[in-house]
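Chemist: File name protein-v8.json; file contents JSON, C-alpha atoms and all ligand atoms; full text below.
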```json
[["chain", "number", "residue", "atom", "x", "y", "z"],
["A", 55, "LEU", "CA", -59.81, 87.95, 76.00],
["A", 56, "GLU", "CA", -58.10, 85.24, 73.98],
["A", 57, "MET", "CA", -54.79, 87.06, 74.35],
["A", 58, "GLU", "CA", -55.45, 87.52, 78.06],
["A", 59, "GLN", "CA", -55.92, 83.78, 78.49],
["A", 60, "SER", "CA", -52.77, 82.93, 76.59],
["A", 61, "LEU", "CA", -50.89, 85.46, 78.73],
["A", 62, "ARG", "CA", -52.13, 83.79, 81.90],
["A", 63, "ARG", "CA", -51.04, 80.46, 80.49],
["A", 64, "ALA", "CA", -47.67, 81.97, 79.52],
["A", 65, "LEU", "CA", -47.06, 83.22, 83.05],
["A", 66, "ALA", "CA", -47.89, 79.80, 84.51],
["A", 67, "ALA", "CA", -45.77, 78.04, 81.86],
["A", 68, "GLY", "CA", -42.72, 80.21, 82.52],
["A", 69, "GLU", "CA", -42.71, 81.80, 79.07],
["A", 70, "LEU", "CA", -42.28, 85.27, 80.52],
["A", 71, "THR", "CA", -38.76, 86.38, 81.25],
["A", 72, "MET", "CA", -36.97, 89.48, 82.40],
["A", 73, "TYR", "CA", -34.50, 91.26, 80.18],
["A", 74, "PHE", "CA", -32.09, 93.87, 81.48],
["A", 75, "GLN", "CA", -30.77, 96.99, 79.81],
["A", 76, "PRO", "CA", -27.75, 98.53, 81.52],
["A", 77, "GLN", "CA", -27.56, 102.26, 82.29],
["A", 78, "VAL", "CA", -24.03, 103.62, 82.12],
["A", 79, "ASN", "CA", -21.92, 106.72, 82.65],
["A", 80, "GLY", "CA", -19.95, 108.34, 79.82],
["A", 81, "CYS", "CA", -17.11, 105.86, 80.34],
["A", 82, "GLY", "CA", -19.49, 102.94, 79.92],
["A", 83, "GLU", "CA", -19.41, 101.86, 83.57],
["A", 84, "ILE", "CA", -22.66, 100.23, 84.64],
["A", 85, "LEU", "CA", -24.51, 102.30, 87.24],
["A", 86, "ALA", "CA", -27.91, 100.63, 87.06],
["A", 87, "ALA", "CA", -30.21, 98.68, 84.77],
["A", 88, "GLU", "CA", -33.85, 98.65, 83.70],
["A", 89, "ALA", "CA", -35.77, 95.37, 83.89],
["A", 90, "LEU", "CA", -38.01, 94.79, 80.86],
["A", 91, "MET", "CA", -40.58, 92.07, 80.46],
["A", 92, "ARG", "CA", -40.35, 89.68, 77.51],
["A", 93, "TRP", "CA", -42.74, 86.99, 76.32],
["A", 94, "ARG", "CA", -41.04, 84.17, 74.50],
["A", 95, "HIS", "CA", -43.98, 82.49, 72.77],
["A", 96, "PRO", "CA", -43.30, 78.84, 71.76],
["A", 97, "GLU", "CA", -44.57, 79.41, 68.21],
["A", 98, "GLN", "CA", -44.61, 83.18, 67.66],
["A", 99, "GLY", "CA", -41.23, 83.93, 69.19],
["A", 100, "PHE", "CA", -40.74, 87.16, 71.14],
["A", 101, "ILE", "CA", -43.88, 89.24, 71.60],
["A", 102, "SER", "CA", -43.24, 92.89, 72.46],
["A", 103, "PRO", "CA", -44.43, 94.27, 75.78],
["A", 104, "GLU", "CA", -45.90, 97.12, 73.74],
["A", 105, "VAL", "CA", -48.47, 94.55, 72.60],
["A", 106, "PHE", "CA", -49.08, 92.46, 75.69],
["A", 107, "ILE", "CA", -48.76, 95.05, 78.49],
["A", 108, "ALA", "CA", -51.74, 96.94, 77.04],
["A", 109, "ILE", "CA", -53.78, 93.72, 77.11],
["A", 110, "ALA", "CA", -52.65, 92.85, 80.62],
["A", 111, "GLU", "CA", -53.72, 96.35, 81.70],
["A", 112, "GLU", "CA", -57.30, 95.62, 80.73],
["A", 113, "SER", "CA", -57.56, 93.31, 83.75],
["A", 114, "ASP", "CA", -55.85, 92.50, 87.02],
["A", 115, "LEU", "CA", -53.41, 90.38, 85.07],
["A", 116, "ILE", "CA", -51.08, 93.38, 85.00],
["A", 117, "VAL", "CA", -50.88, 93.18, 88.79],
["A", 118, "GLU", "CA", -49.79, 89.54, 88.60],
["A", 119, "LEU", "CA", -47.25, 90.18, 85.87],
["A", 120, "GLU", "CA", -45.63, 93.16, 87.55],
["A", 121, "THR", "CA", -45.71, 91.56, 90.99],
["A", 122, "TRP", "CA", -43.75, 88.71, 89.44],
["A", 123, "MET", "CA", -41.32, 91.28, 87.92],
["A", 124, "LEU", "CA", -40.91, 93.09, 91.24],
["A", 125, "ASP", "CA", -40.12, 89.86, 93.02],
["A", 126, "GLY", "CA", -37.69, 88.81, 90.29],
["A", 127, "CYS", "CA", -35.93, 92.18, 90.43],
["A", 128, "CYS", "CA", -35.56, 92.02, 94.21],
["A", 129, "ALA", "CA", -34.34, 88.42, 93.96],
["A", 130, "LEU", "CA", -31.62, 89.54, 91.55],
["A", 131, "LEU", "CA", -30.66, 92.53, 93.72],
["A", 132, "GLY", "CA", -30.50, 90.18, 96.71],
["A", 133, "ARG", "CA", -28.05, 87.88, 94.90],
["A", 134, "LEU", "CA", -25.80, 90.65, 93.57],
["A", 135, "PRO", "CA", -23.76, 92.90, 95.83],
["A", 136, "ALA", "CA", -24.37, 96.64, 95.42],
["A", 137, "ALA", "CA", -20.82, 96.97, 94.09],
["A", 138, "ALA", "CA", -21.75, 94.76, 91.13],
["A", 139, "LEU", "CA", -25.17, 96.31, 90.49],
["A", 140, "PRO", "CA", -25.94, 99.44, 92.49],
["A", 141, "LYS", "CA", -29.53, 99.88, 91.28],
["A", 142, "LEU", "CA", -32.29, 98.25, 89.29],
["A", 143, "SER", "CA", -35.41, 99.88, 87.81],
["A", 144, "VAL", "CA", -38.79, 98.28, 87.27],
["A", 145, "ASN", "CA", -41.77, 99.67, 85.32],
["A", 146, "ILE", "CA", -45.12, 99.87, 87.09],
["A", 147, "SER", "CA", -48.19, 100.57, 84.97],
["A", 148, "VAL", "CA", -50.93, 103.03, 85.85],
["A", 149, "ARG", "CA", -53.54, 100.40, 86.54],
["A", 150, "HIS", "CA", -51.27, 98.48, 88.87],
["A", 151, "PHE", "CA", -50.20, 101.66, 90.62],
["A", 152, "VAL", "CA", -53.70, 102.98, 91.27],
["A", 153, "GLN", "CA", -55.77, 99.81, 91.68],
["A", 154, "SER", "CA", -53.75, 97.60, 93.97],
["A", 155, "ASP", "CA", -51.74, 97.95, 97.13],
["A", 156, "ILE", "CA", -48.51, 98.71, 95.33],
["A", 157, "VAL", "CA", -46.84, 99.86, 98.54],
["A", 158, "ALA", "CA", -47.42, 96.51, 100.26],
["A", 159, "THR", "CA", -46.30, 94.61, 97.15],
["A", 160, "VAL", "CA", -43.04, 96.53, 96.91],
["A", 161, "ALA", "CA", -42.41, 96.19, 100.66],
["A", 162, "ALA", "CA", -42.99, 92.42, 100.49],
["A", 163, "ALA", "CA", -40.60, 91.94, 97.58],
["A", 164, "LEU", "CA", -37.83, 93.95, 99.27],
["A", 165, "GLU", "CA", -38.33, 92.12, 102.54],
["A", 166, "ALA", "CA", -38.45, 88.63, 100.97],
["A", 167, "HIS", "CA", -34.99, 89.12, 99.47],
["A", 168, "GLY", "CA", -33.41, 91.37, 102.09],
["A", 169, "VAL", "CA", -32.83, 94.20, 99.63],
["A", 170, "GLU", "CA", -31.78, 97.68, 100.66],
["A", 171, "PRO", "CA", -34.76, 99.76, 99.37],
["A", 172, "GLY", "CA", -32.61, 102.50, 97.84],
["A", 173, "ARG", "CA", -31.35, 100.00, 95.24],
["A", 174, "LEU", "CA", -34.82, 99.66, 93.72],
["A", 175, "THR", "CA", -36.19, 102.34, 91.38],
["A", 176, "VAL", "CA", -39.88, 102.31, 90.49],
["A", 177, "GLU", "CA", -40.52, 103.84, 87.04],
["A", 178, "LEU", "CA", -43.88, 105.53, 86.62],
["A", 179, "THR", "CA", -45.34, 107.46, 83.69],
["A", 180, "GLU", "CA", -47.21, 110.72, 83.75],
["A", 181, "SER", "CA", -50.45, 108.84, 83.11],
["A", 182, "ILE", "CA", -50.60, 107.87, 86.81],
["A", 183, "LEU", "CA", -51.98, 111.38, 87.22],
["A", 184, "ILE", "CA", -55.03, 110.87, 85.01],
["A", 185, "ASP", "CA", -57.36, 109.96, 87.87],
["A", 186, "SER", "CA", -56.21, 111.89, 90.84],
["A", 187, "LEU", "CA", -53.09, 113.86, 91.48],
["A", 188, "GLU", "CA", -53.67, 113.77, 95.24],
["A", 189, "GLU", "CA", -53.93, 110.00, 95.36],
["A", 190, "ALA", "CA", -50.91, 109.49, 93.14],
["A", 191, "VAL", "CA", -48.85, 111.81, 95.31],
["A", 192, "GLU", "CA", -49.92, 109.97, 98.46],
["A", 193, "ARG", "CA", -48.91, 106.60, 97.05],
["A", 194, "MET", "CA", -45.63, 107.96, 95.84],
["A", 195, "GLN", "CA", -44.94, 109.43, 99.27],
["A", 196, "ALA", "CA", -45.66, 106.04, 100.86],
["A", 197, "LEU", "CA", -43.15, 104.43, 98.48],
["A", 198, "LYS", "CA", -40.62, 107.12, 99.39],
["A", 199, "ARG", "CA", -41.13, 106.30, 103.08],
["A", 200, "LEU", "CA", -40.17, 102.72, 102.26],
["A", 201, "GLY", "CA", -36.95, 104.14, 100.83],
["A", 202, "VAL", "CA", -37.31, 103.18, 97.18],
["A", 203, "ARG", "CA", -36.37, 105.58, 94.40],
["A", 204, "LEU", "CA", -39.00, 106.98, 92.04],
["A", 205, "ALA", "CA", -38.41, 107.80, 88.38],
["A", 206, "LEU", "CA", -40.70, 109.52, 85.89],
["A", 207, "ASP", "CA", -40.43, 107.51, 82.65],
["A", 208, "ASP", "CA", -41.07, 108.71, 79.07],
["A", 209, "PHE", "CA", -40.78, 112.30, 80.24],
["A", 210, "GLY", "CA", -42.26, 114.77, 77.80],
["A", 211, "THR", "CA", -44.53, 112.37, 75.92],
["A", 212, "GLY", "CA", -47.59, 112.43, 78.16],
["A", 213, "PHE", "CA", -49.61, 114.95, 80.04],
["A", 214, "SER", "CA", -46.52, 116.74, 81.24],
["A", 215, "SER", "CA", -47.02, 119.76, 83.28],
["A", 216, "LEU", "CA", -44.18, 121.42, 85.05],
["A", 217, "MET", "CA", -46.46, 121.55, 88.09],
["A", 218, "TYR", "CA", -46.08, 117.78, 88.40],
["A", 219, "LEU", "CA", -42.35, 118.07, 88.67],
["A", 220, "LYS", "CA", -42.87, 120.35, 91.63],
["A", 221, "ARG", "CA", -45.54, 118.24, 93.31],
["A", 222, "LEU", "CA", -44.29, 114.68, 92.78],
["A", 223, "PRO", "CA", -41.68, 113.23, 95.14],
["A", 224, "LEU", "CA", -39.35, 112.17, 92.31],
["A", 225, "ASP", "CA", -35.71, 111.15, 92.40],
["A", 226, "GLU", "CA", -35.14, 110.75, 88.70],
["A", 227, "LEU", "CA", -36.44, 111.81, 85.34],
["A", 228, "LYS", "CA", -35.96, 109.77, 82.16],
["A", 229, "ILE", "CA", -35.80, 111.78, 78.95],
["A", 230, "ASP", "CA", -37.80, 109.85, 76.40],
["A", 231, "ARG", "CA", -35.97, 108.40, 73.44],
["A", 232, "SER", "CA", -38.24, 110.24, 71.00],
["A", 233, "PHE", "CA", -36.38, 113.45, 71.95],
["A", 234, "VAL", "CA", -32.92, 111.88, 71.96],
["A", 235, "GLY", "CA", -33.31, 110.08, 68.63],
["A", 236, "GLU", "CA", -33.24, 113.22, 66.49],
["A", 237, "LEU", "CA", -31.05, 115.42, 68.66],
["A", 238, "ASP", "CA", -28.54, 115.86, 65.86],
["A", 239, "SER", "CA", -31.09, 116.75, 63.15],
["A", 240, "ASP", "CA", -34.05, 118.41, 64.87],
["A", 241, "PRO", "CA", -33.29, 121.77, 66.50],
["A", 242, "ASN", "CA", -36.57, 121.62, 68.44],
["A", 243, "ASP", "CA", -35.59, 118.33, 70.08],
["A", 244, "ALA", "CA", -32.17, 119.75, 70.85],
["A", 245, "ALA", "CA", -33.75, 122.80, 72.49],
["A", 246, "ILE", "CA", -36.15, 120.68, 74.52],
["A", 247, "VAL", "CA", -33.45, 118.33, 75.78],
["A", 248, "GLU", "CA", -31.16, 121.22, 76.61],
["A", 249, "THR", "CA", -33.92, 122.92, 78.61],
["A", 250, "VAL", "CA", -34.88, 119.73, 80.44],
["A", 251, "LEU", "CA", -31.25, 119.18, 81.45],
["A", 252, "VAL", "CA", -31.02, 122.69, 82.91],
["A", 253, "MET", "CA", -34.32, 122.20, 84.72],
["A", 254, "VAL", "CA", -33.38, 118.86, 86.34],
["A", 255, "GLN", "CA", -30.16, 120.38, 87.59],
["A", 256, "HIS", "CA", -32.09, 123.20, 89.24],
["A", 257, "LEU", "CA", -34.64, 120.78, 90.69],
["A", 258, "GLY", "CA", -31.90, 118.48, 92.00],
["A", 259, "LEU", "CA", -33.19, 115.45, 90.12],
["A", 260, "ALA", "CA", -31.12, 112.65, 88.64],
["A", 261, "VAL", "CA", -31.58, 112.30, 84.90],
["A", 262, "VAL", "CA", -31.21, 109.38, 82.49],
["A", 263, "ALA", "CA", -31.17, 109.94, 78.74],
["A", 264, "GLU", "CA", -32.87, 107.06, 76.96],
["A", 265, "GLY", "CA", -32.35, 105.84, 73.42],
["A", 266, "VAL", "CA", -28.76, 107.00, 73.00],
["A", 267, "GLU", "CA", -27.72, 105.36, 69.75],
["A", 268, "ASN", "CA", -24.71, 107.31, 68.50],
["A", 269, "THR", "CA", -21.72, 109.31, 69.72],
["A", 270, "ALA", "CA", -23.10, 112.62, 68.41],
["A", 271, "GLN", "CA", -26.10, 112.26, 70.73],
["A", 272, "LEU", "CA", -23.79, 111.25, 73.59],
["A", 273, "ALA", "CA", -21.53, 114.28, 73.02],
["A", 274, "PHE", "CA", -24.52, 116.66, 72.95],
["A", 275, "LEU", "CA", -25.86, 115.24, 76.22],
["A", 276, "GLU", "CA", -22.49, 115.14, 77.99],
["A", 277, "ALA", "CA", -21.73, 118.74, 77.01],
["A", 278, "ARG", "CA", -24.96, 119.74, 78.80],
["A", 279, "GLY", "CA", -24.25, 117.90, 82.04],
["A", 280, "CYS", "CA", -26.04, 114.58, 81.46],
["A", 281, "ARG", "CA", -24.05, 111.74, 83.03],
["A", 282, "HIS", "CA", -26.35, 108.76, 82.84],
["A", 283, "PHE", "CA", -27.29, 106.96, 79.62],
["A", 284, "GLN", "CA", -29.40, 104.06, 78.43],
["A", 285, "GLY", "CA", -29.33, 103.07, 74.78],
["A", 286, "PHE", "CA", -28.18, 100.81, 72.01],
["A", 287, "LEU", "CA", -24.87, 102.72, 71.70],
["A", 288, "PHE", "CA", -23.89, 100.99, 74.94],
["A", 289, "HIS", "CA", -26.12, 97.94, 75.40],
["A", 290, "ARG", "CA", -29.34, 96.43, 74.15],
["A", 291, "PRO", "CA", -31.70, 94.76, 76.59],
["A", 292, "MET", "CA", -30.35, 91.26, 77.31],
["A", 293, "ALA", "CA", -31.24, 88.01, 79.06],
["A", 294, "GLU", "CA", -30.26, 87.57, 82.71],
["A", 295, "ALA", "CA", -27.40, 85.17, 81.98],
["A", 296, "ASP", "CA", -25.82, 87.65, 79.55],
["A", 297, "PHE", "CA", -26.40, 90.51, 81.96],
["A", 298, "ARG", "CA", -24.67, 88.66, 84.80],
["A", 299, "ARG", "CA", -21.74, 87.78, 82.55],
["A", 300, "LEU", "CA", -21.44, 91.45, 81.61],
["A", 301, "LEU", "CA", -21.50, 92.53, 85.27],
["A", 302, "ALA", "CA", -18.82, 89.96, 86.14],
["A", 303, "ALA", "CA", -16.61, 91.19, 83.28],
["A", 304, "ASP", "CA", -17.24, 94.82, 84.31],
["A", 305, "ASP", "CA", -15.40, 94.64, 87.65],
["B", 401, "LIG", "O1", -38.31, 96.57, 75.91],
["B", 401, "LIG", "P1", -39.14, 97.25, 74.91],
["B", 401, "LIG", "O2", -38.55, 98.42, 74.22],
["B", 401, "LIG", "O3", -39.69, 96.30, 73.90],
["B", 401, "LIG", "O4", -40.38, 97.79, 75.74],
["B", 401, "LIG", "C1", -41.48, 98.36, 75.14],
["B", 401, "LIG", "C2", -42.31, 99.05, 76.20],
["B", 401, "LIG", "O5", -42.80, 98.11, 77.16],
["B", 401, "LIG", "C3", -41.54, 100.10, 76.98],
["B", 401, "LIG", "O6", -42.32, 101.28, 77.02],
["B", 401, "LIG", "C4", -41.41, 99.50, 78.35],
["B", 401, "LIG", "O7", -41.43, 100.49, 79.32],
["B", 401, "LIG", "C5", -42.62, 98.61, 78.45],
["B", 401, "LIG", "N1", -42.42, 97.56, 79.45],
["B", 401, "LIG", "C6", -41.51, 96.57, 79.47],
["B", 401, "LIG", "N2", -41.64, 95.82, 80.58],
["B", 401, "LIG", "C7", -42.66, 96.38, 81.30],
["B", 401, "LIG", "C8", -43.27, 96.09, 82.55],
["B", 401, "LIG", "O8", -42.90, 95.15, 83.27],
["B", 401, "LIG", "N3", -44.31, 96.89, 82.94],
["B", 401, "LIG", "C9", -44.73, 97.94, 82.18],
["B", 401, "LIG", "N4", -45.74, 98.67, 82.63],
["B", 401, "LIG", "N5", -44.17, 98.26, 81.01],
["B", 401, "LIG", "C10", -43.14, 97.49, 80.57],
["B", 402, "LIG", "O1", -40.68, 103.17, 77.89],
["B", 402, "LIG", "P1", -39.42, 102.64, 78.43],
["B", 402, "LIG", "O2", -38.43, 103.68, 78.78],
["B", 402, "LIG", "O3", -39.58, 101.69, 79.58],
["B", 402, "LIG", "O4", -38.78, 101.82, 77.23],
["B", 402, "LIG", "C1", -37.58, 101.16, 77.35],
["B", 402, "LIG", "C2", -37.36, 100.52, 76.03],
["B", 402, "LIG", "O5", -36.66, 101.39, 75.12],
["B", 402, "LIG", "C3", -36.48, 99.30, 76.12],
["B", 402, "LIG", "O6", -37.29, 98.20, 76.19],
["B", 402, "LIG", "C4", -35.65, 99.29, 74.89],
["B", 402, "LIG", "O7", -35.95, 98.19, 74.03],
["B", 402, "LIG", "C5", -35.94, 100.59, 74.20],
["B", 402, "LIG", "N1", -34.66, 101.21, 73.91],
["B", 402, "LIG", "C6", -33.65, 101.38, 74.78],
["B", 402, "LIG", "N2", -32.58, 101.96, 74.21],
["B", 402, "LIG", "C7", -32.95, 102.18, 72.93],
["B", 402, "LIG", "C8", -32.24, 102.75, 71.82],
["B", 402, "LIG", "O8", -31.11, 103.18, 71.90],
["B", 402, "LIG", "N3", -32.94, 102.80, 70.65],
["B", 402, "LIG", "C9", -34.21, 102.34, 70.52],
["B", 402, "LIG", "N4", -34.78, 102.44, 69.34],
["B", 402, "LIG", "N5", -34.89, 101.78, 71.55],
["B", 402, "LIG", "C10", -34.26, 101.70, 72.74],
["B", 403, "MN", "MN", -39.00, 102.46, 81.47],
["B", 404, "NA", "NA", -39.01, 105.83, 78.22]]
```
In structure tokens, how does this file's structure come out?
Ligand code: G
Ligand code: G
Ligand code: MN
Ligand code: NA
Modeler:
Amino acid sequence: LEMEQSLRRALAAGELTMYFQPQVNGCGEILAAEALMRWRHPEQGFISPEVFIAIAEESDLIVELETWMLDGCCALLGRLPAAALPKLSVNISVRHFVQSDIVATVAAALEAHGVEPGRLTVELTESILIDSLEEAVERMQALKRLGVRLALDDFGTGFSSLMYLKRLPLDELKIDRSFVGELDSDPNDAAIVETVLVMVQHLGLAVVAEGVENTAQLAFLEARGCRHFQGFLFHRPMAEADFRRLLAADD
């Protein structure tokens, strides 16, 4: 509760910021980015979202935080032409997705900044399915009707069932970095990634490999048809000013 109160204060005091991690093709050209929340605490420095998102999810605070992120992402998309930044992804937590009118929130953010919906990707995790598959599918379909893209984040780490891939109206699948990290040393990870890449091609889904840190991992992925990468080999998450400088230098 103490942490929750200091988070509320942080939001009001402007201590929360958005970072951006570019997603690139094999040549390093920026195709998209993922927006990531950061808390710059005046005394404690940066606090990881792994710590504070879990706390925010214990109450409706998560709805406030991610509504603020959604608006900030649409504001940025509205200021940047699609040629400079085609797409931007935002993470939406389970609680926010199931317990609030996420469809209305997304529609309002797009509308407020005049953003073409197909430039926004909403990243969801498999845990949205914990409560009710039917309800999750309905909400996802409503988001699809708005025209936004839907990505399944952290693929393979949760309650994955191949049935979900068939039932969910997804555009994109993100291969979790826990599989990519040991591609070169763990034959099981290599087999899993290889299989997932074949599967997404058959299902007609876009795929992003997360956590690409070295050229051996990149070569493995490229050789198996993956064309879209997010990882420290290319870029770390960065502040908006740095991200905009990078985009300007990229053209
Ligand atoms: O950026 P970093 O690697 O520190 O992020 C740690 C975790 O926090 C990641 O799993 C990331 O998806 C998550 N995260 C970052 N920003 C948000 C957000 O706005 N909403 C949710 N639900 N998760 C976020
Ligand atoms: O769970 P999610 O996919 O949203 O997590 C995204 C987070 O993964 C980012 O916040 C980023 O800090 C982290 N990340 C991105 N690329 C790499 C990488 O190459 N190596 C490691 N260790 N973490 C990464
Ligand atoms: Mn993500
Ligand atoms: Na992930």
Chemist: Quick one: pull the distance between CA of Gln98 in chain A and CA of His289 in chain A, Å, one decimal.
Modeler: 24.9 Å
Chemist: Which one is closest to ligand LIG 401 (chain B): A:Asp207, A:Glu58, A:Glu276, A:Asp185? Count only C-alpha atoms and all ligand atoms.
Modeler: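 Distance minimum relative to ligand LIG 401 (chain B) lands on A:Asp207.
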Chemist: Find the distance between CA of Val157 in chain A and atom O3 of ligand LIG 402 (chain B) and write it in Å to one decimal.
Modeler: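 About the pair CA of Val157 in chain A and atom O3 of ligand LIG 402 (chain B): they are 20.4 Å apart.
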Chemist: Please report the interatomic distance between CA of Ser232 in chain A and CA of His282 in chain A in Å with one decimal.
Modeler: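 Taking CA of Ser232 in chain A and CA of His282 in chain A, their separation equals 16.8 Å.
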Chemist: Nearest residue to ligand LIG 402 (chain B) out of A:Arg278, A:Lys228, A:Lys141, A:Arg299, using all atoms listed in the file?
Modeler: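 Using all atoms listed in the file, the shortest distance to ligand LIG 402 (chain B) belongs to A:Lys228.
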Chemist: Hey, which residues sit close to ligand LIG 401 (chain B)? Say within 8 Å, counting only C-alpha atoms and all ligand atoms, and write them as a list of chain:residue names.
Modeler: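 So, counting only C-alpha atoms and all ligand atoms, the residues near ligand LIG 401 (chain B) are A:Tyr73, A:Ala89, A:Leu90, A:Met91, A:Arg92, A:Ser102, A:Pro103, A:Glu104, A:Ile107, A:Ile116, A:Leu119, A:Glu120, A:Met123, A:Val144, A:Asn145, A:Ile146, A:Ser147, A:Val148, A:Asp207, A:Asp208, A:Pro291.
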Chemist: Using all atoms listed in the file, which residues have at least one atom no more than 10 Å from ligand NA 404 (chain B)? Output them as a VMD selection string.
Modeler: chain A and resid 145 177 to 179 206 to 211 227 to 232 262 to 265 284
